[in-house]
Each structure stands twice: as C-alpha cells, then as structure tokens.
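Have a look at the structure below, then the notes.
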Amino acid sequence: MQSKTASIEDFQKVARDFAGKVTPVPGRATVIGLYGNLGAGKTTFVQAVAKALGVIETVNSPTFLIYKTYNLQPATNNRGFGKLVHIDAYRLKGADELRQLRFDELLPDPKNLILIEWADKVSDILPPDHTKLSFEFVDDTTRTISFS
C-alpha cells in the first residue's frame with residue numbers, strides 16, 4: 001500500500017490512521033521499521049503516531065540518546081500497547097550497537113510498540129516480519145509513504 005501526501009496535515013493524518021490500525025503482535029513487541037533518506041518524514045511520522053496514542057510529552061528524534069520510551073495511558077490508548085519506544089539508529093554502525101543498548105530486552109514484551117528510524121542500519125536484528133514503512137521526499141510538501 002502507498003500513500004502520497006501533499007501537506008503536513010495529510011501526512012499527519014496518514015500517521016494517525018496508521019496508529020489507529022496497528023495492533024500488538026502476539027508474543028512479542030510490535031516493531032515498525034522506518035526507512036528513508038534524511039528529511040523524508042520519519043520523525044514527523046513518529047510524532048504524529050505518538051500524539052495519536054496519547055503521548056503528551058514533546059517527541060523529538062532521540063539521535064544522541066538513541067532511544068526514548070514513552071508510557072501510554074490505557075484510557076487514551078485502546079490498541080493494547082503500554083509503551084512507545086522511539087529508536088533513532090542513525091548514529092549506530094550496526095545491530096551489535098543496538099544490542100548493547102539492551103534492545104533484546106524490549107522485544108519479548110507484547111505491550112511495546114517500537115518505531116525505529118533508520119531501520120536499514122540495524123535490520124539484521126529486527127524480526128523478519130516487522131512492518132516496514134518507506135518514506136520518500138518528493139518536494140517541500142509532498143511525501144510518499146509505502147507500507148509493507
């Protein structure tokens with residue numbers, strides 16, 4: 001499936017719709033890999049998903065922290081997730097560096113929704129069936145998002 005957005009509002013609506021449809025994977029964390037070049041909209045997508053799931057904190061790309069965890073409130077999050085984990089793998093040299101940050105401890109919990117920017121840098125540690133979202137910069141206002 002593919003969506004082409006012509007404005008930030010359209011883009012955020014696609015992210016909200018995605019947040020409304022994503023459901024926990026039985027037996028482990030739900031992992032969403034975000035693929036695309038710099039400026040393609042990965043962080044903006046995560047921010048909109050977080051807001052749709054009730055996160056009230058400011059969500060910024062955790063480039064220097066590598067990942068940040070947000071608690072999700074059951075009252076505003078009927079999807080069944082307890083935590084949103086936002087990972088930015090841009091600075092990582094590979095999966096071993098993510099493993100050293102205890103990524104393996106996040107995977108067994110089915111209440112974790114993990115969104116990973118720059119997933120291509122750590123794809124060998126991700127579950128083979130993780131959801132892949134590819135972002136493409138078209139112009140200043142237009143983006144294409146492909147879901148697989």
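For the structure tokens, the naming scheme is as follows: chains receive sequential letters (A, B, ...) according to their order of presentation, residues are indexed from 1 within each chain, and ligands are indexed from 1 in presentation order.
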With the cut-off set at 6 Å and counting only C-alpha atoms, tabulate each residue of region 100-126 of chain A with an atom at most that distance from an atom of region 76-95 of chain A, showing the nearest atom pair and its distance in Å to one decimal, ordered by chain and increasing number, as a Markdown table.
```
| residue | atom | partner | partner_atom | distance |
| --- | --- | --- | --- | --- |
| A:Lys111 | CA | A:Phe81 | CA | 4.4 |
| A:Asn112 | CA | A:Lys83 | CA | 5.0 |
| A:Leu113 | CA | A:Leu84 | CA | 4.9 |
| A:Ile114 | CA | A:Val85 | CA | 4.6 |
| A:Leu115 | CA | A:His86 | CA | 5.1 |
| A:Ile116 | CA | A:Ile87 | CA | 4.6 |
| A:Glu117 | CA | A:Asp88 | CA | 4.7 |
| A:Trp118 | CA | A:Ala89 | CA | 5.3 |
| A:Lys121 | CA | A:Gly94 | CA | 5.6 |
| A:Val122 | CA | A:Ala95 | CA | 4.4 |
| A:Ile125 | CA | A:Ala95 | CA | 5.6 |
```
Output N, CA and C atoms of each residue in that selection to a file, as a CSV table (one decimal), in the first residue's frame.
```
chain,number,residue,atom,x,y,z
A,111,LYS,N,3.5,-5.6,24.9
A,111,LYS,CA,2.9,-4.2,25.1
A,111,LYS,C,3.8,-3.1,24.6
A,112,ASN,N,5.0,-3.5,24.0
A,112,ASN,CA,5.9,-2.5,23.4
A,112,ASN,C,5.6,-2.3,22.0
A,113,LEU,N,5.4,-1.0,21.6
A,113,LEU,CA,5.3,-0.6,20.2
A,113,LEU,C,6.6,0.1,19.9
A,114,ILE,N,7.5,-0.5,19.0
A,114,ILE,CA,8.8,0.0,18.8
A,114,ILE,C,8.9,0.6,17.4
A,115,LEU,N,9.1,1.9,17.3
A,115,LEU,CA,9.3,2.6,16.0
A,115,LEU,C,10.8,2.9,15.8
A,116,ILE,N,11.4,2.4,14.7
A,116,ILE,CA,12.8,2.6,14.6
A,116,ILE,C,13.1,3.4,13.3
A,117,GLU,N,13.7,4.6,13.5
A,117,GLU,CA,14.1,5.4,12.4
A,117,GLU,C,15.5,4.8,11.9
A,118,TRP,N,15.7,4.9,10.6
A,118,TRP,CA,17.0,4.4,10.0
A,118,TRP,C,17.1,2.9,10.3
A,121,LYS,N,19.9,0.4,9.1
A,121,LYS,CA,21.2,0.3,9.7
A,121,LYS,C,21.2,-0.9,10.7
A,122,VAL,N,20.1,-1.4,11.2
A,122,VAL,CA,20.0,-2.4,12.2
A,122,VAL,C,19.0,-3.5,11.8
A,125,ILE,N,18.9,-7.3,13.1
A,125,ILE,CA,18.4,-7.6,14.5
A,125,ILE,C,16.9,-7.5,14.6
```
Each region 35-110 of chain A residue no farther than 9 Å from region 6-14 of chain A, nearest pair in Å, only C-alpha atoms, as a tab-separated table:
```
residue	atom	partner	partner_atom	distance
A:Gly41	CA	A:Phe11	CA	8.5
A:Thr44	CA	A:Gln12	CA	7.7
A:Phe45	CA	A:Gln12	CA	6.7
A:Gln47	CA	A:Gln12	CA	8.7
A:Ala48	CA	A:Gln12	CA	5.6
A:Val49	CA	A:Gln12	CA	8.1
```
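Minimum atom-to-atom distances from A:Pro127, A:Ile56, A:Ala40, A:Gly27 to Thr141 (chain A) were compared using only C-alpha atoms, and the lowest value belongs to A:Ala40.
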> With distances taken over only C-alpha atoms, which of A:Leu101, A:Leu107, A:Ala29, A:Val46 is nearest to Tyr67 (chain A)?
Replying inline: A:Leu101
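DSSP secondary structure from the backbone places Tyr67, Lys68, Thr69, Tyr70, Asn71, Lys83, Leu84, Val85, His86, Ile87, Asp88, Asn112, Leu113, Ile114, Leu115, Ile116, Glu117, Thr131, Lys132, Leu133 and Ser134 of chain A of region 43-134 of chain A in strand (DSSP E or B).
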> Which is closest to Arg28 (chain A) among A:Lys51, A:Arg102, A:Arg143, A:His130, if we use only C-alpha atoms?
Replying inline: A:His130
>> Give me, as a PyMOL selection string, the residues of region 44-145 of chain A that a backbone DSSP run labels helix (DSSP H, G or I).
In response: chain A and resi 44-52+95-100+103-106+119-121+123-125
>> Which residues are close to Pro26 (chain A), i.e. within 10 Å by only C-alpha atoms, leaving aside same-chain residues fewer than 5 positions away? Reply as a ChimeraX atom specification.
In response: /A:108-111
>> From the options A:Phe135, A:Pro128, A:Asn71, A:Ala52, which residue's atoms come nearest to Gly20 (chain A), counting only C-alpha atoms?
In response: A:Ala52
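From CA of Lys132 (chain A) back to CA of Gly33 (chain A), the distance works out to 4.9 Å.
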> Which residue, A:Leu98, A:Val31, A:Met1, A:Ala19, has the smallest gap to Gly54 (chain A) when you use only C-alpha atoms?
Replying inline: A:Ala19
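Going from CA of Ala50 (chain A) over to CA of Gln73 (chain A), you cover 11.4 Å.
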> What separation in Å, quoted to one decimal, exists between CA of Val138 (chain A) and CA of Ile66 (chain A)?
Replying inline: 27.1 Å
